[in-house]
Amino acid sequence: MQKQILTLLVVLLATIFSFSQDVRKLPNIEVKTLKGDAFNISELDNGGKPIVISFWATWCKPCKKELNNISEVYEDWQEETGVKLVAVSIDDTRSMSKVAPYINASDWEYEVYLDPNADLKRAMGVSTVPHTFLLNGKKEIVWQHRGYFEGDEKELYEKIIELVK
Amino acid sequence: MRKIIALLFVLPLLGAAQNNSGEIHGDFDLSLQTYKEDKSIGAKAADEVLLNNAYFNLLYTKGNFTVGIRYESYLNAKADYDPEFRGNGIPYRFASYNKDGLAITAGSFYEQFGSGLIFRSYEEKNLGLDNSMDGIRLKYSPTNGMYFKTFIGKSRTHFTYADGIFRGIDGELNINDLFGFESKTKAIIGGSFVSRYQKRENIIFKIPQNVSTYASRLNIIHGGWNYFGEFAYKINDPANSLSESNMNYASGSAFINSIIFSKRGFGVSAEMHRTDNMTFKSDRDKDGKAFLINYIPTLSKPHAYSLLALYPCATQADGEFGVQFDIFYKIQKGTLLGGKYGTKLDINYSRINVLNGGTSFLNDHKEHIPMLISIKDETLYFNDVNLEINKKISKKLNATFVIANQTYNKDFLEGHPKGDYGILNSTILVADITYKVKTKHAVRIELQKLNSKQLEHADELAEGDWSMCLVEYTISPNWFFAVQDMYNWGNEDVEKQLHYININAGFIKGANRFSIGYGKKREGIFCVGGICKLVPSSNGFSLNISSSF
Amino acid sequence: MKNYIALLSMILAFTSCDIEEGMYNENYDSYINPDKKVLIEDYTGHTCPNCPAAARELKAIHDIYGDQIIGMAVHVSKSFARPLDVSHAPEYQYDFRTNWGDSWNSFFEISIAGLPRGMINRIGYQDNSHKLGKDEWASSVANELKKEIDFKISISSNPVDSTISIVTVVQNNINSEYNLVVCLTESNIINWQKDGQYNVEDYEHNHVLRTVLLDAPLSNSTSYIAGQQIEKTINYDLTSLEQSNIDYSANTAEMGNGNAGDWVKENMNVITYIYNTNNYEIQQVEEVHLITQ
């Protein structure tokens with residue numbers, strides 16, 4: 001009997017989600033900056049221009065590949081669209097100390113935050129990394145993509161361009 | 001009863017469908033595997049033929065209020081998960097409210113105090129580890145630059161709770177923000193206290209019912225320098241045993257330190273830690289990773305390449321001393337070694353050894369306090385020195401090379417008697433090359449080689465040398481195909497010189513991912529953060545569907 | 001103001017920590033029923049390095065409570081109890097497994113949860129709390145020893161004509177289905193055992209399960225009256241029992257080698273217990289030497 005209730009519950013929830021709003025905003029969760037300060041992710045701001053949030057970790061090869069490939073064209077992207085890329089690292093205490101040295105040695109110009117106990121990761125429904133979100137000028141999540149293959153940054157850029165048109 | 005409460009959490013979701021003012025989103029994952037018998041690799045068939053793990057997370061947010069629920073299903077759980085994961089249930093549900101610096105959560109929550117030395121409640125699905133707390137948590141930030149967190153609850157183990165009741169408080173002060181100075185140097189201090197209550201009845205020994213742990217931490221930042229240190233202490237925490245030789249009344253301690261310096265093109269990090277009798281469990285009498293409530297990460301590099309992670313190190317919370325160094329350097333483009341695009345180097349060194357004489361021990365007949373720092377002549381657990389070179393060779397070609405040498409005390413780290421397997425020393429080479437065939441099409445080839453030898457006489461036959469080859473073809477943005485072979489050509493046991501072949505393919509669109517695979521997997525140890533699980537060998541199909549919405 | 005109240009209400013009262021000075025508990029006072037006996041089944045294996053610690057815990061519990069504690073070591077699991085192949089000879093060549101041990105292990109799902117693991121009077125099966133790690137045995141035994149008994153068992157073993165007589169005296173009026181089980185165990189078997197960091201050549205294996213002579217209904221009724229006596233006599237043939245273990249090891253057990261003989265009857269004990277067939281819980285247990293010393 002209880003198993004039936006549970007199954008019904010799950011089906012009900014799945015149908016509810018199909019009626020849910022398309023508007024999805026950033027959750028009210030705190031992450032840390034590289035300088036140890038707390039930062040509420042919902043306060044991210046780019047003056048009405050698009051924002052890309054990318055979840056990564058120093059042990060995740062495709063994540064590093066994605067962010068390194070984008071860093072080569074980041075300046076161009078910023079000039080053309082004003083987009084800002086925010087890289088949220090889910091490294092826990094084991095590898096957290098390697099984040100700052102890795103970023104500096106890789107010459108990344110992104111805004112970087114730390115999410116050591118996966119609070120933001122869970123709140124945004126991320127299960128594996130890399131997972132990238134695109135927010136429009138109103139800070140609403142309009143597109144997301146997980147995994148990374150060579151060339152995926154082209155699709156991301158097309159979506160960004162659509163937002164600024 | 002619990003299921004009815006879980007249902008109540010769902011009512012606001014129904015409301016949302018009417019009002020359209022809140023947000024609902026979530027994610028789910030279904031992972032299925034078939035297990036066929038394969039005597040050559042020691043793989044057992046599953047009676048059920050196929051085993052699956054699945055979960056479904058749902059979150060509803062409206063203004064400052066959030067409600068979440070997770071349904072998990074194990075019919076039955078895959079072979080690398082604890083067998084206690086059986087059946088279906090809603091082991092995770094919470095409601096939280098966040099306003100004006102005060103956040104209250106009722107129900108299930110995850111929490112970490114400091115770096116987790118005395119308390120970390122988290123989930124790691126790859127390990128089958130989830131010790132979420134169920135209770136109440138408050139977080140309050142009265143002014144900019146300080147916060148307090150407090151909670152009370154029981155920890156989850158599989159579909160039930162561990163016996164201990166936990167109460168904790170943590171506070172952090174950002175000195176510069178609090179006192180309003182502007183300075184190039186910044187200091188953040190923090191302290192935490194966690195106590196576990198568990199009833200006990202022991203006819204001969206006195207066992208504390210309330211075991212407390214304390215920790216204090218300090219973070220100093222000055223320009224490109226960053227120092228972090230945390231010290232943790234646990235009072236006596238003996239098990240409820242009647243055997244005197246088992247009773248250890250020694251207190252526990254752990255100390256971790258790291259210094260980082262980074263600037264454009266260069267970064268260096270040095271870490272050291274010492275743990276002594278610092279295993280803190282949610283039930284004093286049970287064993288296993290499902291009962292750990294603190295987190296002491298292992299001081300070694302988490303390797304992403306399979307042969308580099310063949311012999312992983314697991315943290316010995318009961319007693320170890322370790323150091324780790326990392327240097328990240330980018331050789332600028334245009335120079336001789338840098339080439340057209342620059343070359344990135346990553347040098348890593350880590351070494352972990354046992355405490356002098358073993359862990360602290362104290363009872364009426366025996367007392368041992370290990371030396372504070374002792375490296376020379378101590379039994380080595382693990383040593384890893386490796387160099388990773390990343391180079392973009394041309395617009396179409398990108399390569400990564402790794403050379404490493406690892407020493408792995410197999411007897412100790414895997415719990416075998418001394419002399420069975422001895423200490424292994426392996427030299428590993430990896431080449432990972434990506435070639436962009438044309439726009440949006442890329443092929444990646446990985447070649448790895450491991451040469452290993454036993455450093456001292458061992459009774460058992462050595463696993464010996466391995467080679468690995470992987471070819472992966474990706475079509476952006478949706479498709480991937482991969483074939484992999486791991487070949488144990490150097491095994492001293494001729495019957496075990498086997499090929500472990502796997503093929504995988506998948507489709508990714510947006511946040512949806514489907515993948516199927518087929519092949520043989522070697523029996524191994526898979527570690528995340530220093531906690532390990534034993535993965536039995538298997539032969540069969542696997543299917544994975546996951547999505548986020 | 002509201003904020004400060006919130007802050008204060010957050011500092012929950014934490015009890016002081018109990019730092020213990022000295023070990024022994026002078027104040028512990030608890031009732032034990034002197035007629036209640038408890039069976040500790042220790043599931044183990046000769047290549048399981050963590051298992052001797054459980055055997056030591058069993059001995060420590062026995063040293064405290066004396067004859068009220070009856071131990072049985074059941075060697076199970078291919079990984080921890082199978083004899084190693086001849087290339088390892090003379091180490092770990094013996095096969096301590098039996099078909100009853102393997103089938104109990106399979107039914108109660110013990111070794112899949114990791115060894116060492118045990119059961120105390122097989123309680124807790126209905127809510128899956130029957131598999132206990134060695135540090136959980138002491139409190140479980142203390143609870144069992146407080147219980148009322150419904151049966152008293154006395155065993156008399158006559159090795160001359162190879163018979164065992166069991167007399168069960170019912171203590172209360174009860175209504176349920178019970179089975180009577182009679183096993184033989186052997187102690188003082190000197191053979192290899194992995195113990196922590198060591199390979200021990202002359203380890204003393206005690207109360208190892210050898211055979212189950214009987215596992216049948218106590219009577220053909222489900223209602224019992226206080227004072228009622230039930231007698232049962234069994235015949236046994238040690239030679240054929242030994243042979244059947246040898247055959248099990250050679251033919252049926254996973255990777256067995258038939259090396260399960262060399263029984264020493266002077267070191268054997270008879271263990272008898274009565275269990276409730278609905279929940280498998282053992283109501284009473286008794287033990288005597290096979291050959292009176």
# chains A, B, ... in the order shown; residues from 1 in each chain; ligands from 1
call {"tool": "residues_around", "arguments": {"residues": "region 174-178 of chain B", "least_positions_apart": "6", "cutoff": "10 Å", "atoms": "only C-alpha atoms", "output": "number ranges by chain"}}
result
A: 36-38; B: 143-147, 184-190, 219
call {"tool": "write_last_selection", "arguments": {"atoms": "C-alpha atoms", "output": "mmCIF file, in the first residue's frame"}}
result
data_model
loop_
_atom_site.group_PDB
_atom_site.id
_atom_site.type_symbol
_atom_site.label_atom_id
_atom_site.label_comp_id
_atom_site.auth_asym_id
_atom_site.auth_seq_id
_atom_site.Cartn_x
_atom_site.Cartn_y
_atom_site.Cartn_z
ATOM 1 C CA GLY A 36 37.317 33.525 2.476
ATOM 2 C CA ASP A 37 34.314 35.862 2.357
ATOM 3 C CA ALA A 38 30.745 34.600 2.193
ATOM 4 C CA THR B 143 26.231 41.571 11.194
ATOM 5 C CA ASN B 144 28.532 41.526 8.235
ATOM 6 C CA GLY B 145 31.658 39.593 9.087
ATOM 7 C CA MET B 146 30.300 37.018 11.510
ATOM 8 C CA TYR B 147 27.981 34.066 11.579
ATOM 9 C CA LYS B 184 46.254 44.318 3.141
ATOM 10 C CA THR B 185 46.196 41.455 5.624
ATOM 11 C CA LYS B 186 42.964 39.709 6.402
ATOM 12 C CA ALA B 187 42.209 37.284 9.222
ATOM 13 C CA ILE B 188 39.257 34.965 9.747
ATOM 14 C CA ILE B 189 38.903 32.890 12.887
ATOM 15 C CA GLY B 190 36.396 30.216 13.696
ATOM 16 C CA ASN B 219 42.736 31.741 7.927
#
call {"tool": "residues_around", "arguments": {"residues": "Gly87 (chain B)", "least_positions_apart": "2", "cutoff": "9 Å", "atoms": "only C-alpha atoms", "output": "PyMOL selection string"}}
result
chain B and resi 72-77+85+89+159
call {"tool": "residues_around", "arguments": {"residues": "Gly147 (chain A)", "least_positions_apart": "4", "cutoff": "9 Å", "atoms": "only C-alpha atoms", "output": "ChimeraX atom specification"}}
result
/A:62-63,128-132 /B:508,511,513
call {"tool": "interface_residues", "arguments": {"of": "chain A", "to": "chain B", "cutoff": "6 Å", "atoms": "only C-alpha atoms", "output": "number ranges by chain"}}
result
A: 93-94, 101, 104-105, 125, 144-146, 149, 151-152
call {"tool": "interface_residues", "arguments": {"of": "chain B", "to": "chain C", "cutoff": "6 Å", "atoms": "only C-alpha atoms", "output": "PyMOL selection string"}}
result
chain B and resi 203-206+208+210-212+240-243+285+417-418
